[in-house]
Amino acid sequence: MTTSTRTLFDPVTVGELKLANRIVMAPLTRNRSPDAVPPPIVATYYAQRASAGLLISEATAISQQGQGYSDVPGLYGTEQLDGWKRVTQAVHDKGGKIVVQLWHVGRVSHHDLQPDGGQPVAPSAITAKTKTVLIRKGVPTFVDTSAPRALDAQELPEIVHSFQAAARNAVETASFDGVEIHGANGYLLDQFLKSGSNQRTDDYGGSIENRARLLLEVVRAVTAAVGGGRTGIRLSPVTPANDVHDADPQPLFDYVVRQLAPLNLAFIHIIEGATGGPRELPDRPFDYAALKAAYRHAGGKAAWMVNNGYDKALAEKAVAEGADLVAFGRPYIANPDLVERLRVNAPLNTPDQATFYGGGAKGYTDYPTLA
Ligand code: 8OZ
């Protein structure tokens with residue numbers, strides 16, 4: 001539950017987490033973790049941003065099968081967990097809170113990144129018209145994703161287990177404050193949800209209930225391991241990211257949030273519109289107020305986190321109208337002291353697109369603070 005004060009800068013309790021303010025650093029893929037291990041500079045980067053009420057880590061693979069881009073971090077090996085431990089320690093030393101985003105990319109991968117060079121996995125054998133990033137000789141290159149194979153239903157419990165094990169390791173071994181399940185942006189769980197990528201005829205395809213089944217199994221397994229109060233989920237009802245599309249998203253997502261209501265999650269994180277793009281899509285209308293109402297009417301008490309294209313004015317309006325948390329993505333790349341800048345209405349540094357994915361300190365830990 002949240003406190004009754006309603007400004008961006010007030011402390012708020014979210015599940016088990018006591019946050020200093022309502023400003024969240026959104027998950028941002030930066031491709032600076034060779035061999036899936038976050039090196040020390042990653043700790044520096046997150047610690048620089050620790051004044052956010054909550055940091056959500058970049059998407060982090062729960063298994064090698066769940067990996068889809070070069071040099072993104074993982075949570076499935078000892079060295080990976082040690083690397084993350086360095087990050088959580090640095091953030092906690094600055095008084096910050098950090099959750100890790102649990103990621104399985106599904107079909108958004110390349111065979112070079114898969115175990116034994118095999119095909120990526122998906123609900124159905126439909127190739128996504130999208131690109132992934134491979135870093136070749138240090139140069140990030142966008143390449144087509146590889147044709148996936150359809151998962152056998154018998155493989156799904158192992159995937160649920162991988163989410164659960166990653167969550168447990170994240171909290172118990174790497175000392176994260178919690179986890180966010182990546183259910184958005186056209187990755188595995190979103191691929192199952194949406195009719196354009198899920199043409200299964202078994203218990204995991206067809207009806208809304210069936211398409212939502214894997215996501216809900218994952219949420220139940222993760223909350224059983226780390227507690228609902230340390231678990232959030234990110235959803236993107238209408239994003240076209242990674243070539244996902246649903247024929248009728250409103251009843252699908254209303255159903256999903258109603259099912260999430262009894263699980264006592266810490267937060268529900270909604271991407272409004274096209275991820276990193278327009279907040280309104282004329283060909284994909286969606287009623288976010290109705291979504292939130294469906295969740296609250298079903299008894300859901302999690303903090304409601306909104307994201308996509310927010311500036312201070314829009315964020316203040318959202319909070320005044322009942323959003324509990326606002327996640328900022330791109331502004332956090334270039335403004336480690338975003339909370340302070342928003343507080344004093346300071347100008348924001350502009351992020352440099354050329355250094356988003358891959359590389360070292362340049363465009364990563366070298367953005368200036370006000371002081
Ligand atoms: C940008 C580049 C690579 C991955 C997402 C994890 O969209 C991502 C991502 C974003 O959720």
# chains A, B, ... in the order shown; residues from 1 in each chain; ligands from 1
call {"tool": "select_by_dssp", "arguments": {"residues": "range 73-283 of chain A", "states": "alpha helix (DSSP H)", "output": "PyMOL selection string"}}
result
chain A and resi 78-93+156-172+188-193+208-211+213-226+249-260
call {"tool": "residues_near_ligand", "arguments": {"ligand": "ligand 1", "cutoff": "6 Å", "atoms": "only C-alpha atoms and all ligand atoms", "output": "list in words"}}
result
Thr29, Ala59 and Asn185 of chain A
call {"tool": "closest_residue", "arguments": {"among": "A:Gln48, A:Thr275, A:Gln65, A:Ser195", "to": "Tyr364 in chain A", "atoms": "only C-alpha atoms"}}
result
A:Gln48
call {"tool": "atom_distance", "arguments": {"atom1": "CA of Asn198 in chain A", "atom2": "CA of Ala224 in chain A"}}
result
26.9 Å
call {"tool": "closest_residue", "arguments": {"among": "A:Ala266, A:Ala221, A:Val133, A:Ala294", "to": "Ser109 in chain A", "atoms": "only C-alpha atoms"}}
result
A:Val133
call {"tool": "residues_around", "arguments": {"residues": "range 211-213 of chain A", "least_positions_apart": "4", "cutoff": "6 Å", "atoms": "only C-alpha atoms", "output": "NGL selection string"}}
result
:A and (192-193 or 204-205)
call {"tool": "residues_around", "arguments": {"residues": "range 90-106 of chain A", "least_positions_apart": "2", "cutoff": "8 Å", "atoms": "only C-alpha atoms", "output": "short mmCIF file (atom, residue, chain, number, x, y, z; two decimals) with all heavy atoms, in the first residue's frame"}}
result
data_model
loop_
_atom_site.label_atom_id
_atom_site.label_comp_id
_atom_site.auth_asym_id
_atom_site.auth_seq_id
_atom_site.Cartn_x
_atom_site.Cartn_y
_atom_site.Cartn_z
N LEU A 17 9.10 -2.77 0.34
CA LEU A 17 10.16 -1.80 0.06
C LEU A 17 9.76 -0.40 0.50
O LEU A 17 8.70 0.11 0.11
CB LEU A 17 10.47 -1.80 -1.44
CG LEU A 17 10.69 -3.17 -2.08
CD1 LEU A 17 10.95 -3.03 -3.57
CD2 LEU A 17 11.82 -3.91 -1.40
N LEU A 19 10.55 3.26 -0.07
CA LEU A 19 11.23 4.05 -1.10
C LEU A 19 11.28 5.52 -0.69
O LEU A 19 10.33 6.05 -0.10
CB LEU A 19 10.49 3.91 -2.44
CG LEU A 19 10.18 2.47 -2.89
CD1 LEU A 19 9.54 2.48 -4.28
CD2 LEU A 19 11.42 1.59 -2.87
N PRO A 27 13.99 -0.02 -16.39
CA PRO A 27 15.02 -0.93 -16.89
C PRO A 27 15.55 -0.46 -18.25
O PRO A 27 14.77 -0.08 -19.11
CB PRO A 27 14.27 -2.27 -17.03
CG PRO A 27 12.83 -1.92 -17.04
CD PRO A 27 12.67 -0.64 -16.29
N ALA A 43 28.35 -1.43 -11.38
CA ALA A 43 28.04 -1.01 -10.01
C ALA A 43 28.15 0.50 -9.88
O ALA A 43 27.30 1.16 -9.25
CB ALA A 43 28.99 -1.71 -9.03
N THR A 44 29.17 1.07 -10.51
CA THR A 44 29.34 2.53 -10.48
C THR A 44 28.12 3.22 -11.09
O THR A 44 27.58 4.18 -10.54
CB THR A 44 30.61 2.92 -11.28
OG1 THR A 44 31.71 2.19 -10.74
CG2 THR A 44 30.87 4.42 -11.22
N TYR A 46 24.95 2.16 -11.55
CA TYR A 46 23.72 2.13 -10.75
C TYR A 46 23.87 2.96 -9.48
O TYR A 46 22.93 3.66 -9.08
CB TYR A 46 23.31 0.68 -10.42
CG TYR A 46 22.69 -0.02 -11.62
CD1 TYR A 46 23.40 -0.98 -12.34
CD2 TYR A 46 21.40 0.30 -12.04
CE1 TYR A 46 22.84 -1.61 -13.43
CE2 TYR A 46 20.83 -0.33 -13.15
CZ TYR A 46 21.55 -1.29 -13.84
OH TYR A 46 20.99 -1.91 -14.92
N ALA A 47 25.04 2.91 -8.85
CA ALA A 47 25.23 3.69 -7.61
C ALA A 47 25.08 5.18 -7.88
O ALA A 47 24.55 5.93 -7.06
CB ALA A 47 26.60 3.38 -7.00
N ALA A 50 21.45 6.12 -7.50
CA ALA A 50 20.79 5.53 -6.32
C ALA A 50 19.81 6.46 -5.62
O ALA A 50 19.06 6.02 -4.74
CB ALA A 50 21.84 5.06 -5.32
N SER A 51 19.73 7.74 -6.01
CA SER A 51 18.75 8.63 -5.37
C SER A 51 17.34 8.41 -5.92
O SER A 51 16.36 8.95 -5.38
CB SER A 51 19.16 10.10 -5.52
OG SER A 51 19.24 10.45 -6.89
N ALA A 52 17.21 7.62 -6.98
CA ALA A 52 15.86 7.23 -7.42
C ALA A 52 15.19 6.48 -6.27
O ALA A 52 15.86 5.76 -5.52
CB ALA A 52 15.95 6.32 -8.64
N GLY A 53 13.88 6.62 -6.14
CA GLY A 53 13.18 5.85 -5.12
C GLY A 53 13.42 4.37 -5.30
O GLY A 53 13.62 3.62 -4.34
N LEU A 54 13.43 3.94 -6.57
CA LEU A 54 13.69 2.53 -6.90
C LEU A 54 14.45 2.47 -8.22
O LEU A 54 14.08 3.15 -9.19
CB LEU A 54 12.36 1.77 -7.04
CG LEU A 54 12.47 0.28 -7.36
CD1 LEU A 54 13.14 -0.49 -6.22
CD2 LEU A 54 11.09 -0.31 -7.65
N LEU A 55 15.49 1.64 -8.25
CA LEU A 55 16.18 1.31 -9.50
C LEU A 55 15.66 -0.04 -9.96
O LEU A 55 15.61 -0.98 -9.17
CB LEU A 55 17.69 1.20 -9.28
CG LEU A 55 18.41 2.39 -8.66
CD1 LEU A 55 19.88 2.03 -8.39
CD2 LEU A 55 18.33 3.60 -9.57
N ILE A 56 15.27 -0.11 -11.23
CA ILE A 56 14.98 -1.42 -11.83
C ILE A 56 16.15 -1.71 -12.75
O ILE A 56 16.49 -0.90 -13.62
CB ILE A 56 13.65 -1.43 -12.61
CG1 ILE A 56 12.49 -0.98 -11.70
CG2 ILE A 56 13.38 -2.82 -13.19
CD1 ILE A 56 11.16 -0.84 -12.42
N SER A 57 16.78 -2.84 -12.54
CA SER A 57 17.97 -3.16 -13.34
C SER A 57 17.58 -3.35 -14.80
O SER A 57 16.42 -3.61 -15.13
CB SER A 57 18.64 -4.44 -12.85
OG SER A 57 17.99 -5.57 -13.41
N GLU A 58 18.55 -3.26 -15.65
CA GLU A 58 18.41 -3.68 -17.04
C GLU A 58 17.92 -5.13 -17.07
O GLU A 58 18.13 -5.89 -16.12
CB GLU A 58 19.75 -3.58 -17.74
CG GLU A 58 20.82 -4.50 -17.16
CD GLU A 58 22.22 -3.93 -17.35
OE1 GLU A 58 22.83 -4.20 -18.40
OE2 GLU A 58 22.70 -3.21 -16.44
N ALA A 59 17.26 -5.49 -18.16
CA ALA A 59 16.74 -6.85 -18.31
C ALA A 59 17.89 -7.85 -18.16
O ALA A 59 18.96 -7.65 -18.74
CB ALA A 59 16.06 -7.00 -19.66
N THR A 60 17.65 -8.91 -17.39
CA THR A 60 18.70 -9.85 -17.00
C THR A 60 18.23 -11.28 -17.24
O THR A 60 17.19 -11.69 -16.70
CB THR A 60 19.09 -9.60 -15.53
OG1 THR A 60 19.53 -8.24 -15.41
CG2 THR A 60 20.19 -10.52 -15.08
N ALA A 61 18.99 -12.00 -18.05
CA ALA A 61 18.54 -13.32 -18.51
C ALA A 61 18.49 -14.33 -17.37
O ALA A 61 19.41 -14.43 -16.57
CB ALA A 61 19.47 -13.82 -19.61
N ILE A 62 17.40 -15.09 -17.33
CA ILE A 62 17.22 -16.12 -16.29
C ILE A 62 17.89 -17.43 -16.68
O ILE A 62 18.00 -18.33 -15.85
CB ILE A 62 15.73 -16.38 -16.01
CG1 ILE A 62 15.01 -16.80 -17.31
CG2 ILE A 62 15.08 -15.13 -15.40
CD1 ILE A 62 13.71 -17.51 -17.08
N SER A 63 18.29 -17.54 -17.94
CA SER A 63 18.94 -18.76 -18.44
C SER A 63 19.63 -18.39 -19.74
O SER A 63 19.34 -17.33 -20.32
CB SER A 63 17.89 -19.85 -18.71
OG SER A 63 16.98 -19.41 -19.72
N GLN A 65 19.14 -19.84 -22.50
CA GLN A 65 18.07 -19.86 -23.51
C GLN A 65 17.31 -18.53 -23.54
O GLN A 65 16.79 -18.11 -24.56
CB GLN A 65 17.10 -21.00 -23.18
CG GLN A 65 15.99 -21.20 -24.17
CD GLN A 65 14.91 -22.09 -23.58
OE1 GLN A 65 14.19 -21.70 -22.66
NE2 GLN A 65 14.82 -23.30 -24.09
N GLY A 66 17.25 -17.87 -22.39
CA GLY A 66 16.53 -16.60 -22.27
C GLY A 66 17.32 -15.39 -22.70
O GLY A 66 16.86 -14.26 -22.58
N GLN A 67 18.52 -15.62 -23.21
CA GLN A 67 19.44 -14.55 -23.60
C GLN A 67 19.25 -14.23 -25.09
O GLN A 67 19.19 -15.14 -25.90
CB GLN A 67 20.87 -15.07 -23.36
CG GLN A 67 21.96 -14.10 -23.58
CD GLN A 67 22.59 -13.70 -22.25
OE1 GLN A 67 22.07 -14.02 -21.19
NE2 GLN A 67 23.68 -13.00 -22.31
N GLY A 68 19.21 -12.96 -25.43
CA GLY A 68 18.95 -12.63 -26.83
C GLY A 68 19.83 -11.56 -27.43
O GLY A 68 19.69 -11.23 -28.60
N ARG A 86 28.02 -7.06 -6.28
CA ARG A 86 28.80 -5.82 -6.25
C ARG A 86 27.88 -4.62 -6.53
O ARG A 86 28.03 -3.55 -5.95
CB ARG A 86 29.85 -5.94 -7.37
CG ARG A 86 31.07 -5.17 -7.23
CD ARG A 86 32.22 -5.71 -8.07
NE ARG A 86 31.84 -6.27 -9.36
CZ ARG A 86 32.49 -7.25 -9.99
NH1 ARG A 86 33.57 -7.79 -9.47
NH2 ARG A 86 32.09 -7.70 -11.16
N VAL A 87 26.93 -4.81 -7.43
CA VAL A 87 26.00 -3.72 -7.79
C VAL A 87 25.08 -3.40 -6.62
O VAL A 87 24.92 -2.23 -6.24
CB VAL A 87 25.17 -4.11 -9.04
CG1 VAL A 87 24.10 -3.06 -9.32
CG2 VAL A 87 26.07 -4.32 -10.26
N THR A 88 24.46 -4.43 -6.05
CA THR A 88 23.48 -4.17 -4.98
C THR A 88 24.18 -3.56 -3.77
O THR A 88 23.64 -2.65 -3.12
CB THR A 88 22.72 -5.45 -4.57
OG1 THR A 88 23.65 -6.43 -4.10
CG2 THR A 88 21.94 -6.03 -5.74
N VAL A 108 13.15 -13.50 -29.52
CA VAL A 108 13.98 -12.34 -29.85
C VAL A 108 15.43 -12.66 -29.51
O VAL A 108 16.00 -12.17 -28.53
CB VAL A 108 13.48 -11.07 -29.14
CG1 VAL A 108 14.29 -9.85 -29.60
CG2 VAL A 108 12.00 -10.85 -29.40
N SER A 109 16.01 -13.54 -30.31
CA SER A 109 17.37 -13.98 -30.05
C SER A 109 18.02 -14.40 -31.36
O SER A 109 17.42 -14.30 -32.43
CB SER A 109 17.35 -15.15 -29.04
OG SER A 109 18.67 -15.49 -28.64
N PRO A 120 16.30 -20.19 -31.21
CA PRO A 120 15.57 -19.58 -30.09
C PRO A 120 14.20 -20.26 -29.94
O PRO A 120 13.71 -20.87 -30.89
CB PRO A 120 15.40 -18.12 -30.51
CG PRO A 120 16.39 -17.90 -31.60
CD PRO A 120 16.58 -19.22 -32.28
N VAL A 121 13.60 -20.11 -28.77
CA VAL A 121 12.30 -20.75 -28.51
C VAL A 121 11.19 -19.72 -28.46
O VAL A 121 11.42 -18.55 -28.16
CB VAL A 121 12.34 -21.56 -27.21
CG1 VAL A 121 13.39 -22.67 -27.30
CG2 VAL A 121 12.58 -20.66 -26.00
N ALA A 122 9.97 -20.17 -28.76
CA ALA A 122 8.82 -19.27 -28.85
C ALA A 122 7.55 -20.06 -28.61
O ALA A 122 7.57 -21.30 -28.66
CB ALA A 122 8.78 -18.63 -30.24
N PHE A 163 12.71 -19.00 -13.96
CA PHE A 163 12.30 -17.69 -13.40
C PHE A 163 12.36 -17.74 -11.87
O PHE A 163 12.86 -16.81 -11.22
CB PHE A 163 10.86 -17.34 -13.83
CG PHE A 163 10.75 -16.58 -15.12
CD1 PHE A 163 10.45 -17.23 -16.31
CD2 PHE A 163 10.92 -15.20 -15.16
CE1 PHE A 163 10.33 -16.54 -17.51
CE2 PHE A 163 10.80 -14.49 -16.36
CZ PHE A 163 10.51 -15.16 -17.54
N ALA A 166 15.99 -17.94 -10.57
CA ALA A 166 16.66 -16.64 -10.75
C ALA A 166 16.19 -15.65 -9.69
O ALA A 166 17.00 -14.89 -9.13
CB ALA A 166 16.39 -16.11 -12.16
N ALA A 167 14.89 -15.65 -9.41
CA ALA A 167 14.35 -14.73 -8.39
C ALA A 167 14.95 -15.04 -7.02
O ALA A 167 15.39 -14.13 -6.29
CB ALA A 167 12.83 -14.85 -8.34
N ALA A 170 18.56 -14.05 -6.93
CA ALA A 170 18.69 -12.59 -6.96
C ALA A 170 18.54 -12.01 -5.56
O ALA A 170 19.31 -11.15 -5.15
CB ALA A 170 17.64 -11.99 -7.90
N PHE A 176 19.45 -8.46 -4.03
CA PHE A 176 18.48 -7.51 -4.60
C PHE A 176 17.33 -7.32 -3.62
O PHE A 176 16.99 -8.23 -2.87
CB PHE A 176 17.94 -8.04 -5.93
CG PHE A 176 18.83 -7.77 -7.10
CD1 PHE A 176 19.63 -8.78 -7.64
CD2 PHE A 176 18.87 -6.50 -7.69
CE1 PHE A 176 20.46 -8.53 -8.73
CE2 PHE A 176 19.70 -6.25 -8.77
CZ PHE A 176 20.50 -7.26 -9.29
N ASP A 177 16.70 -6.14 -3.67
CA ASP A 177 15.55 -5.87 -2.82
C ASP A 177 14.29 -6.55 -3.33
O ASP A 177 13.28 -6.60 -2.62
CB ASP A 177 15.34 -4.35 -2.72
CG ASP A 177 16.54 -3.68 -2.05
OD1 ASP A 177 16.74 -3.92 -0.86
OD2 ASP A 177 17.29 -2.96 -2.75
N GLY A 178 14.36 -7.03 -4.55
CA GLY A 178 13.20 -7.69 -5.14
C GLY A 178 13.44 -7.92 -6.62
O GLY A 178 14.58 -7.79 -7.10
N VAL A 179 12.36 -8.27 -7.32
CA VAL A 179 12.47 -8.59 -8.75
C VAL A 179 11.31 -7.94 -9.51
O VAL A 179 10.25 -7.67 -8.93
CB VAL A 179 12.43 -10.12 -8.99
CG1 VAL A 179 13.57 -10.82 -8.27
CG2 VAL A 179 11.09 -10.72 -8.60
N GLU A 180 11.57 -7.69 -10.79
CA GLU A 180 10.47 -7.33 -11.70
C GLU A 180 10.45 -8.39 -12.79
O GLU A 180 11.47 -8.61 -13.47
CB GLU A 180 10.70 -5.95 -12.34
CG GLU A 180 9.61 -5.64 -13.37
CD GLU A 180 9.76 -4.28 -14.06
OE1 GLU A 180 9.22 -3.30 -13.53
OE2 GLU A 180 10.41 -4.21 -15.12
N ILE A 181 9.30 -9.01 -12.98
CA ILE A 181 9.14 -9.99 -14.06
C ILE A 181 8.89 -9.22 -15.36
O ILE A 181 8.00 -8.38 -15.43
CB ILE A 181 7.96 -10.94 -13.75
CG1 ILE A 181 8.27 -11.76 -12.49
CG2 ILE A 181 7.64 -11.83 -14.93
CD1 ILE A 181 7.05 -12.40 -11.86
N HIS A 182 9.71 -9.50 -16.36
CA HIS A 182 9.56 -8.81 -17.66
C HIS A 182 8.46 -9.51 -18.46
O HIS A 182 8.68 -10.52 -19.11
CB HIS A 182 10.89 -8.85 -18.42
CG HIS A 182 10.98 -7.84 -19.53
ND1 HIS A 182 9.87 -7.25 -20.11
CD2 HIS A 182 12.06 -7.30 -20.17
CE1 HIS A 182 10.27 -6.41 -21.05
NE2 HIS A 182 11.59 -6.42 -21.10
N GLY A 186 7.36 -7.66 -26.10
CA GLY A 186 7.50 -8.70 -27.12
C GLY A 186 8.47 -9.80 -26.76
O GLY A 186 8.91 -10.54 -27.65
N TYR A 187 8.81 -9.93 -25.50
CA TYR A 187 9.65 -11.06 -25.08
C TYR A 187 8.77 -12.25 -24.69
O TYR A 187 7.55 -12.21 -24.88
CB TYR A 187 10.61 -10.61 -23.97
CG TYR A 187 11.55 -9.54 -24.50
CD1 TYR A 187 11.47 -8.22 -24.09
CD2 TYR A 187 12.47 -9.85 -25.51
CE1 TYR A 187 12.29 -7.23 -24.63
CE2 TYR A 187 13.30 -8.87 -26.05
CZ TYR A 187 13.21 -7.57 -25.61
OH TYR A 187 14.01 -6.61 -26.17
N LEU A 188 9.37 -13.32 -24.19
CA LEU A 188 8.66 -14.61 -24.11
C LEU A 188 7.24 -14.51 -23.53
O LEU A 188 6.29 -15.03 -24.12
CB LEU A 188 9.48 -15.63 -23.31
CG LEU A 188 8.81 -17.02 -23.28
CD1 LEU A 188 8.92 -17.71 -24.63
CD2 LEU A 188 9.42 -17.89 -22.19
N LEU A 189 7.11 -13.88 -22.35
CA LEU A 189 5.79 -13.91 -21.69
C LEU A 189 4.77 -13.11 -22.49
O LEU A 189 3.59 -13.49 -22.58
CB LEU A 189 5.92 -13.43 -20.24
CG LEU A 189 6.86 -14.28 -19.38
CD1 LEU A 189 7.00 -13.69 -17.98
CD2 LEU A 189 6.40 -15.74 -19.31
N GLN A 191 4.98 -12.72 -25.76
CA GLN A 191 4.73 -13.54 -26.96
C GLN A 191 3.61 -14.55 -26.70
O GLN A 191 2.78 -14.83 -27.57
CB GLN A 191 6.00 -14.28 -27.38
CG GLN A 191 7.09 -13.39 -27.93
CD GLN A 191 8.47 -14.04 -27.87
OE1 GLN A 191 8.61 -15.26 -27.92
NE2 GLN A 191 9.50 -13.22 -27.74
#
call {"tool": "atom_distance", "arguments": {"atom1": "CA of Val319 in chain A", "atom2": "CA of Leu252 in chain A"}}
result
25.6 Å
call {"tool": "residues_around", "arguments": {"residues": "Thr223 in chain A", "least_positions_apart": "6", "cutoff": "9 Å", "atoms": "only C-alpha atoms", "output": "ChimeraX atom specification"}}
result
/A:164,167,229-231,263-265
call {"tool": "select_by_dssp", "arguments": {"residues": "range 120-167 of chain A", "states": "strand (DSSP E)", "output": "number ranges by chain"}}
result
A: 121-122, 131-136, 139-144, 149-150
call {"tool": "atom_distance", "arguments": {"atom1": "CA of Pro331 in chain A", "atom2": "CA of Gly83 in chain A"}}
result
25.1 Å
call {"tool": "residues_around", "arguments": {"residues": "Pro115 in chain A", "least_positions_apart": "2", "cutoff": "8 Å", "atoms": "only C-alpha atoms", "output": "compact mmCIF listing (two decimals) with N, CA, C and O atoms, in the first residue's frame"}}
result
# COMPACT_ATOMS: atom_id res chain seq x y z
N GLN A 64 20.51 -19.26 -20.20
CA GLN A 64 21.15 -18.93 -21.48
C GLN A 64 20.12 -18.94 -22.61
O GLN A 64 20.17 -18.13 -23.53
N GLN A 65 19.14 -19.84 -22.50
CA GLN A 65 18.07 -19.86 -23.51
C GLN A 65 17.31 -18.53 -23.54
O GLN A 65 16.79 -18.11 -24.56
N LEU A 113 23.73 -16.93 -29.81
CA LEU A 113 23.66 -16.69 -28.37
C LEU A 113 23.01 -17.86 -27.62
O LEU A 113 22.98 -17.88 -26.40
N GLY A 117 24.24 -23.24 -30.05
CA GLY A 117 23.90 -22.61 -31.34
C GLY A 117 22.54 -22.99 -31.87
O GLY A 117 22.29 -22.88 -33.08
N GLY A 118 21.64 -23.43 -30.99
CA GLY A 118 20.32 -23.89 -31.43
C GLY A 118 19.37 -22.75 -31.75
O GLY A 118 19.72 -21.56 -31.65
call {"tool": "residues_around", "arguments": {"residues": "Ala147 in chain A", "least_positions_apart": "4", "cutoff": "9 Å", "atoms": "only C-alpha atoms", "output": "PyMOL selection string"}}
result
chain A and resi 107+109-111+119-121+125-128
call {"tool": "closest_residue", "arguments": {"among": "A:Lys85, A:Arg149, A:Lys137, A:Lys131", "to": "Asn169 in chain A", "atoms": "only C-alpha atoms"}}
result
A:Lys85
call {"tool": "decode", "arguments": {"residues": "range 165-208 of chain A", "atoms": "C-alpha atoms", "output": "tab-separated table (two decimals), in the first residue's frame"}}
result
chain	number	residue	atom	x	y	z
A	165	ALA	CA	15.44	-19.96	-9.34
A	166	ALA	CA	16.66	-16.64	-10.75
A	167	ALA	CA	14.35	-14.73	-8.39
A	168	ARG	CA	15.52	-16.70	-5.39
A	169	ASN	CA	19.19	-16.28	-6.30
A	170	ALA	CA	18.69	-12.59	-6.96
A	171	VAL	CA	17.26	-11.93	-3.52
A	172	GLU	CA	19.08	-14.50	-1.40
A	173	THR	CA	22.50	-14.51	-3.05
A	174	ALA	CA	22.83	-11.20	-4.90
A	175	SER	CA	20.93	-9.18	-2.24
A	176	PHE	CA	18.48	-7.51	-4.60
A	177	ASP	CA	15.55	-5.87	-2.82
A	178	GLY	CA	13.20	-7.69	-5.14
A	179	VAL	CA	12.47	-8.59	-8.75
A	180	GLU	CA	10.47	-7.33	-11.70
A	181	ILE	CA	9.14	-9.99	-14.06
A	182	HIS	CA	9.56	-8.81	-17.66
A	183	GLY	CA	6.16	-9.45	-19.15
A	184	ALA	CA	6.47	-6.71	-21.76
A	185	ASN	CA	8.02	-5.59	-25.04
A	186	GLY	CA	7.50	-8.70	-27.12
A	187	TYR	CA	9.65	-11.06	-25.08
A	188	LEU	CA	8.66	-14.61	-24.11
A	189	LEU	CA	5.79	-13.91	-21.69
A	190	ASP	CA	4.35	-11.20	-23.95
A	191	GLN	CA	4.73	-13.54	-26.96
A	192	PHE	CA	2.53	-16.05	-25.13
A	193	LEU	CA	-0.03	-13.40	-24.17
A	194	LYS	CA	-0.57	-11.98	-27.64
A	195	SER	CA	-2.50	-13.59	-30.46
A	196	GLY	CA	-0.07	-12.48	-33.18
A	197	SER	CA	2.76	-14.58	-31.77
A	198	ASN	CA	0.80	-17.37	-30.07
A	199	GLN	CA	-1.01	-19.79	-32.34
A	200	ARG	CA	-0.82	-22.77	-30.00
A	201	THR	CA	-3.67	-25.22	-29.77
A	202	ASP	CA	-2.79	-26.62	-26.33
A	203	ASP	CA	-3.52	-25.24	-22.82
A	204	TYR	CA	-1.13	-22.32	-23.49
A	205	GLY	CA	-2.80	-20.92	-26.62
A	206	GLY	CA	-6.18	-19.87	-27.95
A	207	SER	CA	-8.34	-18.39	-25.19
A	208	ILE	CA	-7.23	-15.45	-23.05
